[in-house]
$ cat start-v2.pdb   # PDB, C-alpha atoms, pLDDT in the B column
ATOM      1  CA  MET A   1       0.000   0.000   0.000  1.00 48.00           C
ATOM      2  CA  THR A   2       1.374   3.398  -0.971  1.00 63.00           C
ATOM      3  CA  GLU A   3       1.789   6.059   1.692  1.00 82.00           C
ATOM      4  CA  ASP A   4      -1.522   7.721   2.490  1.00 90.00           C
ATOM      5  CA  VAL A   5      -0.706  11.413   2.324  1.00 95.00           C
ATOM      6  CA  PHE A   6      -2.861  14.521   2.431  1.00 96.00           C
ATOM      7  CA  LYS A   7      -2.279  16.811  -0.542  1.00 96.00           C
ATOM      8  CA  VAL A   8      -3.688  20.333  -0.701  1.00 96.00           C
ATOM      9  CA  GLY A   9      -2.572  22.840  -3.279  1.00 94.00           C
ATOM     10  CA  SER A  10       1.195  22.557  -3.698  1.00 94.00           C
ATOM     11  CA  TYR A  11       1.659  21.023  -0.231  1.00 96.00           C
ATOM     12  CA  THR A  12       1.821  17.420   0.954  1.00 96.00           C
ATOM     13  CA  PHE A  13       1.276  16.340   4.559  1.00 96.00           C
ATOM     14  CA  THR A  14       1.320  13.078   6.477  1.00 96.00           C
ATOM     15  CA  SER A  15      -0.980  14.453   9.194  1.00 97.00           C
ATOM     16  CA  ARG A  16      -4.677  14.997   8.441  1.00 97.00           C
ATOM     17  CA  LEU A  17      -5.234  17.018  11.596  1.00 98.00           C
ATOM     18  CA  ILE A  18      -4.998  20.786  11.170  1.00 98.00           C
ATOM     19  CA  VAL A  19      -5.002  22.789  14.385  1.00 97.00           C
ATOM     20  CA  GLY A  20      -5.888  26.359  15.240  1.00 94.00           C
ATOM     21  CA  SER A  21      -3.934  28.788  17.396  1.00 92.00           C
ATOM     22  CA  GLY A  22      -6.749  30.712  19.091  1.00 89.00           C
ATOM     23  CA  LYS A  23      -8.295  30.506  22.565  1.00 91.00           C
ATOM     24  CA  TYR A  24      -5.272  29.039  24.334  1.00 93.00           C
ATOM     25  CA  LYS A  25      -4.283  30.526  27.676  1.00 92.00           C
ATOM     26  CA  ASP A  26      -0.803  31.322  26.375  1.00 92.00           C
ATOM     27  CA  PHE A  27       1.549  30.673  23.480  1.00 92.00           C
ATOM     28  CA  ALA A  28       3.451  28.003  25.408  1.00 94.00           C
ATOM     29  CA  THR A  29       0.267  25.932  25.665  1.00 96.00           C
ATOM     30  CA  THR A  30      -0.416  26.485  21.979  1.00 96.00           C
ATOM     31  CA  LYS A  31       3.018  25.076  21.190  1.00 96.00           C
ATOM     32  CA  ALA A  32       2.660  22.090  23.520  1.00 97.00           C
ATOM     33  CA  ALA A  33      -0.777  21.135  22.165  1.00 97.00           C
ATOM     34  CA  THR A  34       0.341  21.524  18.555  1.00 97.00           C
ATOM     35  CA  GLU A  35       3.268  19.207  19.222  1.00 97.00           C
ATOM     36  CA  ALA A  36       1.022  16.699  20.994  1.00 97.00           C
ATOM     37  CA  ALA A  37      -1.359  16.678  18.027  1.00 97.00           C
ATOM     38  CA  GLU A  38       1.581  15.950  15.699  1.00 97.00           C
ATOM     39  CA  ALA A  39       0.028  18.499  13.341  1.00 97.00           C
ATOM     40  CA  GLU A  40       1.961  19.929  10.421  1.00 97.00           C
ATOM     41  CA  MET A  41      -0.302  22.888   9.672  1.00 97.00           C
ATOM     42  CA  ILE A  42      -1.593  25.535  12.080  1.00 97.00           C
ATOM     43  CA  THR A  43      -4.057  28.254  11.187  1.00 95.00           C
ATOM     44  CA  VAL A  44      -3.510  31.796  12.460  1.00 92.00           C
ATOM     45  CA  ALA A  45      -6.016  34.658  12.607  1.00 89.00           C
ATOM     46  CA  ILE A  46      -4.063  37.521  11.050  1.00 84.00           C
ATOM     47  CA  ARG A  47      -6.312  40.143  12.636  1.00 75.00           C
ATOM     48  CA  ARG A  48      -6.061  38.718  16.145  1.00 69.00           C
ATOM     49  CA  VAL A  49      -2.600  37.255  16.665  1.00 70.00           C
ATOM     50  CA  ASN A  50       0.698  39.133  16.617  1.00 69.00           C
ATOM     51  CA  ILE A  51       3.031  37.617  14.057  1.00 67.00           C
ATOM     52  CA  THR A  52       4.798  40.733  12.802  1.00 65.00           C
ATOM     53  CA  ASP A  53       5.768  42.968  15.759  1.00 69.00           C
ATOM     54  CA  PRO A  54       9.102  41.736  17.215  1.00 70.00           C
ATOM     55  CA  GLY A  55       8.673  44.123  20.150  1.00 76.00           C
ATOM     56  CA  LYS A  56       5.774  42.103  21.531  1.00 79.00           C
ATOM     57  CA  GLU A  57       5.266  38.447  22.353  1.00 80.00           C
ATOM     58  CA  ASN A  58       4.951  36.714  19.014  1.00 84.00           C
ATOM     59  CA  LEU A  59       3.276  33.413  18.135  1.00 86.00           C
ATOM     60  CA  LEU A  60       6.107  32.631  15.742  1.00 86.00           C
ATOM     61  CA  ASP A  61       8.530  32.634  18.686  1.00 86.00           C
ATOM     62  CA  TYR A  62       6.746  29.408  19.698  1.00 91.00           C
ATOM     63  CA  ILE A  63       5.491  27.954  16.397  1.00 91.00           C
ATOM     64  CA  ASP A  64       8.455  27.593  14.059  1.00 91.00           C
ATOM     65  CA  PRO A  65       7.491  28.371  10.425  1.00 90.00           C
ATOM     66  CA  LYS A  66      10.294  26.043   9.341  1.00 91.00           C
ATOM     67  CA  LYS A  67       8.583  23.148  11.128  1.00 94.00           C
ATOM     68  CA  TYR A  68       4.913  24.006  10.555  1.00 95.00           C
ATOM     69  CA  VAL A  69       2.983  25.353   7.595  1.00 96.00           C
ATOM     70  CA  ILE A  70       1.397  28.584   8.785  1.00 94.00           C
ATOM     71  CA  LEU A  71      -2.127  28.961   7.382  1.00 95.00           C
ATOM     72  CA  PRO A  72      -3.215  32.614   7.641  1.00 94.00           C
ATOM     73  CA  ASN A  73      -6.966  33.019   8.008  1.00 94.00           C
ATOM     74  CA  THR A  74      -9.435  35.871   7.791  1.00 95.00           C
ATOM     75  CA  ALA A  75     -11.292  35.301  11.079  1.00 91.00           C
ATOM     76  CA  GLY A  76     -13.141  38.463  12.010  1.00 91.00           C
ATOM     77  CA  CYS A  77     -13.829  39.539   8.423  1.00 95.00           C
ATOM     78  CA  PHE A  78     -17.449  40.172   7.441  1.00 96.00           C
ATOM     79  CA  ASN A  79     -17.067  41.218   3.815  1.00 97.00           C
ATOM     80  CA  ALA A  80     -15.008  40.249   0.813  1.00 97.00           C
ATOM     81  CA  GLU A  81     -13.016  43.472   0.722  1.00 97.00           C
ATOM     82  CA  ASP A  82     -11.679  43.059   4.268  1.00 96.00           C
ATOM     83  CA  ALA A  83     -10.880  39.392   3.718  1.00 96.00           C
ATOM     84  CA  VAL A  84      -8.921  40.053   0.532  1.00 97.00           C
ATOM     85  CA  ARG A  85      -7.016  42.942   2.131  1.00 95.00           C
ATOM     86  CA  THR A  86      -6.120  40.791   5.146  1.00 94.00           C
ATOM     87  CA  LEU A  87      -4.669  37.999   3.042  1.00 95.00           C
ATOM     88  CA  ARG A  88      -2.755  40.394   0.827  1.00 94.00           C
ATOM     89  CA  LEU A  89      -1.109  41.743   3.975  1.00 91.00           C
ATOM     90  CA  ALA A  90      -0.389  38.181   5.129  1.00 90.00           C
ATOM     91  CA  ARG A  91       1.363  37.401   1.869  1.00 91.00           C
ATOM     92  CA  GLU A  92       3.478  40.529   2.153  1.00 88.00           C
ATOM     93  CA  ALA A  93       4.316  39.890   5.810  1.00 83.00           C
ATOM     94  CA  GLY A  94       5.207  36.237   5.645  1.00 82.00           C
ATOM     95  CA  ASN A  95       5.245  35.242   1.996  1.00 84.00           C
ATOM     96  CA  TRP A  96       2.308  32.942   2.738  1.00 91.00           C
ATOM     97  CA  ASN A  97       0.380  31.858  -0.322  1.00 93.00           C
ATOM     98  CA  LEU A  98      -1.682  28.965   1.088  1.00 96.00           C
ATOM     99  CA  VAL A  99      -4.479  30.699   2.990  1.00 97.00           C
ATOM    100  CA  LYS A 100      -7.779  30.036   4.692  1.00 97.00           C
ATOM    101  CA  LEU A 101     -10.655  32.240   3.607  1.00 97.00           C
ATOM    102  CA  GLU A 102     -13.619  32.755   5.916  1.00 96.00           C
ATOM    103  CA  VAL A 103     -16.119  35.577   5.541  1.00 97.00           C
ATOM    104  CA  LEU A 104     -18.663  35.568   8.346  1.00 95.00           C
ATOM    105  CA  GLY A 105     -22.293  36.625   8.238  1.00 94.00           C
ATOM    106  CA  ASP A 106     -22.784  37.809  11.823  1.00 93.00           C
ATOM    107  CA  THR A 107     -21.205  37.714  15.264  1.00 91.00           C
ATOM    108  CA  GLN A 108     -23.775  35.418  16.873  1.00 91.00           C
ATOM    109  CA  THR A 109     -23.829  32.374  14.604  1.00 91.00           C
ATOM    110  CA  LEU A 110     -20.481  32.925  12.844  1.00 91.00           C
ATOM    111  CA  TYR A 111     -22.083  31.258   9.849  1.00 94.00           C
ATOM    112  CA  PRO A 112     -20.390  32.045   6.536  1.00 95.00           C
ATOM    113  CA  ASN A 113     -21.665  34.799   4.277  1.00 96.00           C
ATOM    114  CA  VAL A 114     -21.718  32.728   1.109  1.00 96.00           C
ATOM    115  CA  VAL A 115     -22.148  35.641  -1.310  1.00 97.00           C
ATOM    116  CA  GLU A 116     -19.153  37.515   0.108  1.00 97.00           C
ATOM    117  CA  THR A 117     -17.136  34.296   0.383  1.00 97.00           C
ATOM    118  CA  ILE A 118     -17.595  33.565  -3.318  1.00 98.00           C
ATOM    119  CA  LYS A 119     -16.682  37.154  -4.221  1.00 98.00           C
ATOM    120  CA  ALA A 120     -13.483  37.027  -2.147  1.00 98.00           C
ATOM    121  CA  ALA A 121     -12.546  33.568  -3.469  1.00 98.00           C
ATOM    122  CA  GLU A 122     -12.796  34.752  -7.058  1.00 98.00           C
ATOM    123  CA  THR A 123     -10.446  37.667  -6.368  1.00 98.00           C
ATOM    124  CA  LEU A 124      -7.905  35.662  -4.365  1.00 98.00           C
ATOM    125  CA  VAL A 125      -7.715  32.785  -6.849  1.00 98.00           C
ATOM    126  CA  ALA A 126      -7.234  35.285  -9.666  1.00 97.00           C
ATOM    127  CA  GLU A 127      -4.316  36.787  -7.713  1.00 97.00           C
ATOM    128  CA  GLY A 128      -2.608  33.416  -7.395  1.00 96.00           C
ATOM    129  CA  PHE A 129      -3.482  32.485  -3.808  1.00 97.00           C
ATOM    130  CA  GLU A 130      -4.023  28.836  -2.927  1.00 97.00           C
ATOM    131  CA  VAL A 131      -7.352  29.196  -1.165  1.00 98.00           C
ATOM    132  CA  MET A 132      -8.783  26.819   1.423  1.00 98.00           C
ATOM    133  CA  VAL A 133     -12.299  28.108   1.982  1.00 98.00           C
ATOM    134  CA  TYR A 134     -14.665  27.856   4.960  1.00 97.00           C
ATOM    135  CA  THR A 135     -18.308  27.508   3.974  1.00 97.00           C
ATOM    136  CA  ASN A 136     -21.603  25.972   5.030  1.00 95.00           C
ATOM    137  CA  ASP A 137     -22.455  22.327   4.392  1.00 95.00           C
ATOM    138  CA  ASP A 138     -24.309  23.024   1.120  1.00 96.00           C
ATOM    139  CA  PRO A 139     -23.123  20.700  -1.697  1.00 96.00           C
ATOM    140  CA  ILE A 140     -24.059  23.266  -4.361  1.00 97.00           C
ATOM    141  CA  VAL A 141     -21.974  25.996  -2.743  1.00 97.00           C
ATOM    142  CA  ALA A 142     -19.080  23.562  -2.240  1.00 97.00           C
ATOM    143  CA  THR A 143     -19.097  22.718  -5.940  1.00 97.00           C
ATOM    144  CA  ARG A 144     -19.170  26.400  -6.897  1.00 97.00           C
ATOM    145  CA  LEU A 145     -16.140  27.158  -4.723  1.00 98.00           C
ATOM    146  CA  GLU A 146     -14.274  24.262  -6.288  1.00 97.00           C
ATOM    147  CA  GLU A 147     -15.162  25.558  -9.765  1.00 97.00           C
ATOM    148  CA  ILE A 148     -13.730  28.974  -8.854  1.00 97.00           C
ATOM    149  CA  GLY A 149     -10.403  27.270  -8.178  1.00 97.00           C
ATOM    150  CA  CYS A 150     -10.192  26.855  -4.394  1.00 98.00           C
ATOM    151  CA  VAL A 151      -7.675  24.139  -3.485  1.00 98.00           C
ATOM    152  CA  ALA A 152      -9.794  22.826  -0.589  1.00 98.00           C
ATOM    153  CA  VAL A 153     -13.378  23.278   0.573  1.00 98.00           C
ATOM    154  CA  MET A 154     -13.993  23.394   4.337  1.00 97.00           C
ATOM    155  CA  PRO A 155     -17.668  22.774   5.203  1.00 97.00           C
ATOM    156  CA  LEU A 156     -18.709  23.389   8.792  1.00 96.00           C
ATOM    157  CA  GLY A 157     -19.870  20.535  10.969  1.00 94.00           C
ATOM    158  CA  ASN A 158     -21.684  22.966  13.271  1.00 94.00           C
ATOM    159  CA  PRO A 159     -21.144  26.627  14.232  1.00 92.00           C
ATOM    160  CA  ILE A 160     -17.598  27.682  15.137  1.00 92.00           C
ATOM    161  CA  GLY A 161     -16.752  26.900  18.751  1.00 91.00           C
ATOM    162  CA  SER A 162     -20.066  25.126  19.444  1.00 92.00           C
ATOM    163  CA  GLY A 163     -18.595  21.654  20.018  1.00 92.00           C
ATOM    164  CA  ARG A 164     -21.844  20.054  18.842  1.00 94.00           C
ATOM    165  CA  GLY A 165     -20.318  17.611  16.373  1.00 93.00           C
ATOM    166  CA  LEU A 166     -21.636  16.978  12.876  1.00 95.00           C
ATOM    167  CA  ALA A 167     -25.122  18.401  12.345  1.00 94.00           C
ATOM    168  CA  ASN A 168     -25.601  16.909   8.898  1.00 94.00           C
ATOM    169  CA  PRO A 169     -23.341  13.938   8.117  1.00 94.00           C
ATOM    170  CA  PHE A 170     -25.299  13.254   4.922  1.00 95.00           C
ATOM    171  CA  ASN A 171     -24.315  16.602   3.418  1.00 96.00           C
ATOM    172  CA  ILE A 172     -20.663  16.095   4.322  1.00 95.00           C
ATOM    173  CA  ARG A 173     -20.733  12.748   2.544  1.00 95.00           C
ATOM    174  CA  VAL A 174     -22.410  14.230  -0.537  1.00 96.00           C
ATOM    175  CA  ILE A 175     -19.904  17.094  -0.676  1.00 97.00           C
ATOM    176  CA  LYS A 176     -17.020  14.615  -0.478  1.00 96.00           C
ATOM    177  CA  GLU A 177     -18.449  12.286  -3.118  1.00 95.00           C
ATOM    178  CA  ARG A 178     -18.813  15.157  -5.595  1.00 96.00           C
ATOM    179  CA  ALA A 179     -15.504  16.885  -4.923  1.00 96.00           C
ATOM    180  CA  LYS A 180     -12.244  16.652  -6.825  1.00 96.00           C
ATOM    181  CA  VAL A 181     -10.403  18.772  -4.235  1.00 97.00           C
ATOM    182  CA  PRO A 182      -9.795  17.929  -0.563  1.00 97.00           C
ATOM    183  CA  ILE A 183     -12.713  18.332   1.828  1.00 98.00           C
ATOM    184  CA  VAL A 184     -11.762  19.474   5.328  1.00 98.00           C
ATOM    185  CA  VAL A 185     -14.424  19.471   8.044  1.00 97.00           C
ATOM    186  CA  ASP A 186     -14.043  22.762   9.870  1.00 94.00           C
ATOM    187  CA  ALA A 187     -15.926  23.935  12.987  1.00 93.00           C
ATOM    188  CA  GLY A 188     -18.212  22.175  15.420  1.00 93.00           C
ATOM    189  CA  ILE A 189     -16.031  19.248  16.459  1.00 96.00           C
ATOM    190  CA  GLY A 190     -16.161  18.862  20.234  1.00 96.00           C
ATOM    191  CA  THR A 191     -14.474  15.577  21.042  1.00 97.00           C
ATOM    192  CA  ALA A 192     -12.509  12.731  19.515  1.00 97.00           C
ATOM    193  CA  SER A 193     -15.528  10.741  18.350  1.00 97.00           C
ATOM    194  CA  ASP A 194     -16.657  13.737  16.264  1.00 97.00           C
ATOM    195  CA  ALA A 195     -13.283  13.844  14.524  1.00 97.00           C
ATOM    196  CA  ALA A 196     -13.361  10.100  13.876  1.00 97.00           C
ATOM    197  CA  LYS A 197     -16.877  10.353  12.437  1.00 97.00           C
ATOM    198  CA  ALA A 198     -15.846  13.128  10.051  1.00 97.00           C
ATOM    199  CA  MET A 199     -12.962  11.021   8.785  1.00 97.00           C
ATOM    200  CA  GLU A 200     -15.138   7.898   8.501  1.00 97.00           C
ATOM    201  CA  LEU A 201     -17.437   9.869   6.198  1.00 96.00           C
ATOM    202  CA  GLY A 202     -14.480  10.389   3.874  1.00 96.00           C
ATOM    203  CA  ALA A 203     -13.266  13.846   4.843  1.00 97.00           C
ATOM    204  CA  ASP A 204      -9.666  14.353   3.813  1.00 97.00           C
ATOM    205  CA  ALA A 205      -8.810  16.200   7.024  1.00 98.00           C
ATOM    206  CA  VAL A 206     -10.318  18.073   9.957  1.00 98.00           C
ATOM    207  CA  LEU A 207      -9.481  21.445  11.472  1.00 98.00           C
ATOM    208  CA  ILE A 208      -9.818  21.634  15.245  1.00 97.00           C
ATOM    209  CA  ASN A 209      -9.203  24.530  17.598  1.00 96.00           C
ATOM    210  CA  THR A 210     -11.712  25.101  20.412  1.00 96.00           C
ATOM    211  CA  ALA A 211     -12.131  21.424  21.300  1.00 97.00           C
ATOM    212  CA  ILE A 212      -8.426  21.250  22.121  1.00 97.00           C
ATOM    213  CA  ALA A 213      -7.884  24.755  23.494  1.00 96.00           C
ATOM    214  CA  GLU A 214     -10.838  24.562  25.907  1.00 96.00           C
ATOM    215  CA  ALA A 215     -10.227  20.992  27.108  1.00 97.00           C
ATOM    216  CA  ARG A 216      -9.235  20.519  30.753  1.00 96.00           C
ATOM    217  CA  ASP A 217      -6.002  18.949  29.510  1.00 97.00           C
ATOM    218  CA  GLU A 218      -5.143  20.478  26.149  1.00 97.00           C
ATOM    219  CA  CYS A 219      -2.280  18.127  25.310  1.00 97.00           C
ATOM    220  CA  MET A 220      -4.210  15.007  26.219  1.00 98.00           C
ATOM    221  CA  MET A 221      -7.105  16.116  24.030  1.00 98.00           C
ATOM    222  CA  ALA A 222      -4.696  16.937  21.214  1.00 98.00           C
ATOM    223  CA  ARG A 223      -3.371  13.382  21.346  1.00 98.00           C
ATOM    224  CA  ALA A 224      -6.928  12.021  21.444  1.00 98.00           C
ATOM    225  CA  MET A 225      -7.803  14.024  18.328  1.00 97.00           C
ATOM    226  CA  ARG A 226      -4.631  12.813  16.613  1.00 98.00           C
ATOM    227  CA  ASP A 227      -5.541   9.194  17.258  1.00 98.00           C
ATOM    228  CA  ALA A 228      -9.210   9.707  16.328  1.00 98.00           C
ATOM    229  CA  VAL A 229      -8.299  11.219  12.968  1.00 97.00           C
ATOM    230  CA  ARG A 230      -5.979   8.302  12.238  1.00 97.00           C
ATOM    231  CA  ALA A 231      -8.577   5.726  13.285  1.00 97.00           C
ATOM    232  CA  GLY A 232     -11.344   7.387  11.300  1.00 97.00           C
ATOM    233  CA  ARG A 233      -9.187   7.541   8.202  1.00 97.00           C
ATOM    234  CA  ALA A 234      -8.235   3.868   8.550  1.00 96.00           C
ATOM    235  CA  ALA A 235     -11.883   2.877   8.976  1.00 96.00           C
ATOM    236  CA  PHE A 236     -12.850   4.824   5.852  1.00 96.00           C
ATOM    237  CA  LEU A 237     -10.115   3.185   3.803  1.00 96.00           C
ATOM    238  CA  ALA A 238     -10.958  -0.279   5.170  1.00 95.00           C
ATOM    239  CA  GLY A 239     -14.637   0.078   4.241  1.00 94.00           C
ATOM    240  CA  ARG A 240     -17.291  -0.468   6.883  1.00 90.00           C
ATOM    241  CA  MET A 241     -19.619  -3.451   6.904  1.00 90.00           C
ATOM    242  CA  PRO A 242     -23.153  -2.909   5.564  1.00 90.00           C
ATOM    243  CA  LYS A 243     -25.927  -2.019   7.981  1.00 88.00           C
ATOM    244  CA  ARG A 244     -28.631  -4.681   8.223  1.00 86.00           C
ATOM    245  CA  ALA A 245     -32.192  -4.668   9.472  1.00 87.00           C
ATOM    246  CA  PHE A 246     -31.779  -8.027  11.217  1.00 86.00           C
ATOM    247  CA  ALA A 247     -29.113 -10.069  12.943  1.00 86.00           C
ATOM    248  CA  SER A 248     -26.477 -11.949  11.003  1.00 80.00           C
ATOM    249  CA  ALA A 249     -24.712 -14.848  12.732  1.00 75.00           C
ATOM    250  CA  SER A 250     -20.983 -14.477  13.191  1.00 75.00           C
ATOM    251  CA  SER A 251     -20.377 -18.197  12.727  1.00 68.00           C
ATOM    252  CA  PRO A 252     -21.582 -20.249   9.719  1.00 63.00           C
ATOM    253  CA  THR A 253     -24.388 -22.736  10.322  1.00 62.00           C
ATOM    254  CA  GLU A 254     -23.740 -24.901   7.237  1.00 64.00           C
ATOM    255  CA  GLY A 255     -21.374 -27.836   7.025  1.00 61.00           C
ATOM    256  CA  TYR A 256     -21.631 -28.927  10.650  1.00 60.00           C
ATOM    257  CA  ILE A 257     -22.995 -32.158  12.209  1.00 59.00           C
ATOM    258  CA  TRP A 258     -25.729 -31.409  14.677  1.00 58.00           C
ATOM    259  CA  ASP A 259     -26.753 -33.667  17.542  1.00 56.00           C
TER     260      ASP A 259
END
$ encode --input "start-v2.pdb" --output "structure tokens"
Amino acid sequence: MTEDVFKVGSYTFTSRLIVGSGKYKDFATTKAATEAAEAEMITVAIRRVNITDPGKENLLDYIDPKKYVILPNTAGCFNAEDAVRTLRLAREAGNWNLVKLEVLGDTQTLYPNVVETIKAAETLVAEGFEVMVYTNDDPIVATRLEEIGCVAVMPLGNPIGSGRGLANPFNIRVIKERAKVPIVVDAGIGTASDAAKAMELGADAVLINTAIAEARDECMMARAMRDAVRAGRAAFLAGRMPKRAFASASSPTEGYIWD
């Protein structure tokens, strides 16, 4: 069996767990949890985390860009113009071309604004960015974003930070079956079983932040998520047994002598 790697844009990874850098109590904990997860990519909110001012505590003092792929994201942007401007600045600051686009609709649900997301994706792809895009779990929207040229589509499992798991597994499966680019489940995962379920459905990867950062033991949860992603991927590749309406005996009943 050839090595099962995760390819997105011009990058290749062995880990299918992407982690976030927000909500941790300090940068040291962010580093420890990222190491425990054995992640290779970490997403960073350009508007919220210092990565450019050497005079202040800097995330990149803890997360080495030579060891991890830094994935700038547009968290906190509510229109296409702000999102595009943010990622242009990220490219200038760190020469980062692989980016995560998210354009939110409001501050309560943090659901994506699909119209503004599509507008921003069109601009960024045209400018040569490799765009991983956060969206809702609508198969039609996912296909449209792929057609624009996004290198990965990232449907939500549930609202950001909710920890409620996968609201609509059927849609995730449909999105994956139709896609020719990687599908990364993003938002809503609360515990390891949620991550495993996403991978069992065929997702190429998952992005997890709050579930690790708000756990009582961040590093232990990071390891649990690591193992869940691996187990879910293995189960998907192995192919699950069919579901049946009635029992099916584990041992054959033919070919034996009965008293």
$ resolve_selection --input "start-v2.pdb" --expression "the PyMOL selection byres ((chain A and resi 199-216) around 7)" --output "mmCIF file with C-alpha atoms, in the coordinates of the input"
data_model
loop_
_atom_site.group_PDB
_atom_site.id
_atom_site.type_symbol
_atom_site.label_atom_id
_atom_site.label_comp_id
_atom_site.auth_asym_id
_atom_site.auth_seq_id
_atom_site.Cartn_x
_atom_site.Cartn_y
_atom_site.Cartn_z
ATOM 1 C CA PHE A 6 -2.861 14.521 2.431
ATOM 2 C CA ARG A 16 -4.677 14.997 8.441
ATOM 3 C CA LEU A 17 -5.234 17.018 11.596
ATOM 4 C CA ILE A 18 -4.998 20.786 11.170
ATOM 5 C CA VAL A 19 -5.002 22.789 14.385
ATOM 6 C CA GLY A 20 -5.888 26.359 15.240
ATOM 7 C CA SER A 21 -3.934 28.788 17.396
ATOM 8 C CA GLY A 22 -6.749 30.712 19.091
ATOM 9 C CA LYS A 23 -8.295 30.506 22.565
ATOM 10 C CA TYR A 24 -5.272 29.039 24.334
ATOM 11 C CA GLY A 161 -16.752 26.900 18.751
ATOM 12 C CA GLY A 163 -18.595 21.654 20.018
ATOM 13 C CA ARG A 173 -20.733 12.748 2.544
ATOM 14 C CA LYS A 176 -17.020 14.615 -0.478
ATOM 15 C CA PRO A 182 -9.795 17.929 -0.563
ATOM 16 C CA ILE A 183 -12.713 18.332 1.828
ATOM 17 C CA VAL A 184 -11.762 19.474 5.328
ATOM 18 C CA VAL A 185 -14.424 19.471 8.044
ATOM 19 C CA ASP A 186 -14.043 22.762 9.870
ATOM 20 C CA ALA A 187 -15.926 23.935 12.987
ATOM 21 C CA ILE A 189 -16.031 19.248 16.459
ATOM 22 C CA GLY A 190 -16.161 18.862 20.234
ATOM 23 C CA THR A 191 -14.474 15.577 21.042
ATOM 24 C CA ALA A 195 -13.283 13.844 14.524
ATOM 25 C CA ALA A 196 -13.361 10.100 13.876
ATOM 26 C CA LYS A 197 -16.877 10.353 12.437
ATOM 27 C CA ALA A 198 -15.846 13.128 10.051
ATOM 28 C CA ASP A 217 -6.002 18.949 29.510
ATOM 29 C CA GLU A 218 -5.143 20.478 26.149
ATOM 30 C CA MET A 221 -7.105 16.116 24.030
ATOM 31 C CA ALA A 222 -4.696 16.937 21.214
ATOM 32 C CA VAL A 229 -8.299 11.219 12.968
ATOM 33 C CA GLY A 232 -11.344 7.387 11.300
ATOM 34 C CA ARG A 233 -9.187 7.541 8.202
ATOM 35 C CA ALA A 235 -11.883 2.877 8.976
ATOM 36 C CA PHE A 236 -12.850 4.824 5.852
#
$ resolve_selection --input "start-v2.pdb" --expression "the PyMOL selection byres ((chain A and resi 61-75) around 10)" --output "PyMOL selection string"
chain A and resi 11+13+18-21+27-32+34-35+39-48+51+54+57-60+76-78+80+82-87+90-91+94+96-104+110+131-134
$ atom_distance --input "start-v2.pdb" --atom1 "CA of Ala120 (chain A)" --atom2 "CA of Gly157 (chain A)"
22.0 Å
$ atom_distance --input "start-v2.pdb" --atom1 "CA of Ile148 (chain A)" --atom2 "CA of Lys119 (chain A)"
9.9 Å
$ residues_around --input "start-v2.pdb" --residues "Asn136 (chain A)" --least-positions-apart "3" --cutoff "7 Å" --atoms "only C-alpha atoms" --output "list in words"
Pro112, Pro155 and Leu156 of chain A
$ atom_distance --input "start-v2.pdb" --atom1 "CA of Val151 (chain A)" --atom2 "CA of Gly9 (chain A)"
5.3 Å
$ residues_around --input "start-v2.pdb" --residues "region 192-194 of chain A" --least-positions-apart "4" --cutoff "7 Å" --atoms "all atoms listed in the file" --output "short mmCIF file (atom, residue, chain, number, x, y, z; two decimals) with C-alpha atoms, in the coordinates of the input"
data_model
loop_
_atom_site.label_atom_id
_atom_site.label_comp_id
_atom_site.auth_asym_id
_atom_site.auth_seq_id
_atom_site.Cartn_x
_atom_site.Cartn_y
_atom_site.Cartn_z
CA GLY A 165 -20.32 17.61 16.37
CA LEU A 166 -21.64 16.98 12.88
CA ALA A 198 -15.85 13.13 10.05
CA ALA A 224 -6.93 12.02 21.44
CA MET A 225 -7.80 14.02 18.33
CA ALA A 228 -9.21 9.71 16.33
#
$ closest_residue --input "start-v2.pdb" --among "A:Arg230, A:Lys56, A:Val115, A:Glu146" --to "Val5 (chain A)" --atoms "all atoms listed in the file"
A:Arg230
$ resolve_selection --input "start-v2.pdb" --expression "the PyMOL selection byres ((chain A and resi 149) around 9)" --output "ChimeraX atom specification"
/A:121-122,125-126,130-131,144-148,150-152
$ write_last_selection --input "start-v2.pdb" --atoms "C-alpha atoms" --output "PDB file, keeping the file's coordinate frame"
ATOM      1  CA  ALA A 121     -12.546  33.568  -3.469  1.00 98.00           C
ATOM      2  CA  GLU A 122     -12.796  34.752  -7.058  1.00 98.00           C
ATOM      3  CA  VAL A 125      -7.715  32.785  -6.849  1.00 98.00           C
ATOM      4  CA  ALA A 126      -7.234  35.285  -9.666  1.00 97.00           C
ATOM      5  CA  GLU A 130      -4.023  28.836  -2.927  1.00 97.00           C
ATOM      6  CA  VAL A 131      -7.352  29.196  -1.165  1.00 98.00           C
ATOM      7  CA  ARG A 144     -19.170  26.400  -6.897  1.00 97.00           C
ATOM      8  CA  LEU A 145     -16.140  27.158  -4.723  1.00 98.00           C
ATOM      9  CA  GLU A 146     -14.274  24.262  -6.288  1.00 97.00           C
ATOM     10  CA  GLU A 147     -15.162  25.558  -9.765  1.00 97.00           C
ATOM     11  CA  ILE A 148     -13.730  28.974  -8.854  1.00 97.00           C
ATOM     12  CA  CYS A 150     -10.192  26.855  -4.394  1.00 98.00           C
ATOM     13  CA  VAL A 151      -7.675  24.139  -3.485  1.00 98.00           C
ATOM     14  CA  ALA A 152      -9.794  22.826  -0.589  1.00 98.00           C
TER      15      ALA A 152
END
$ axis_aligned_box --input "start-v2.pdb" --around "region 89-104 of chain A" --padding-each-side "5 Å" --output "JSON"
{"center_x": -6.7, "center_y": 35.4, "center_z": 4.0, "size_x": 33.9, "size_y": 22.8, "size_z": 18.7}
$ closest_residue --input "start-v2.pdb" --among "A:Ala231, A:Ala93, A:Val174, A:Met220" --to "Asp137 (chain A)" --atoms "all atoms listed in the file"
A:Val174
$ closest_residue --input "start-v2.pdb" --among "A:Pro139, A:Phe170, A:Val181, A:Glu92" --to "Lys7 (chain A)" --atoms "only C-alpha atoms"
A:Val181
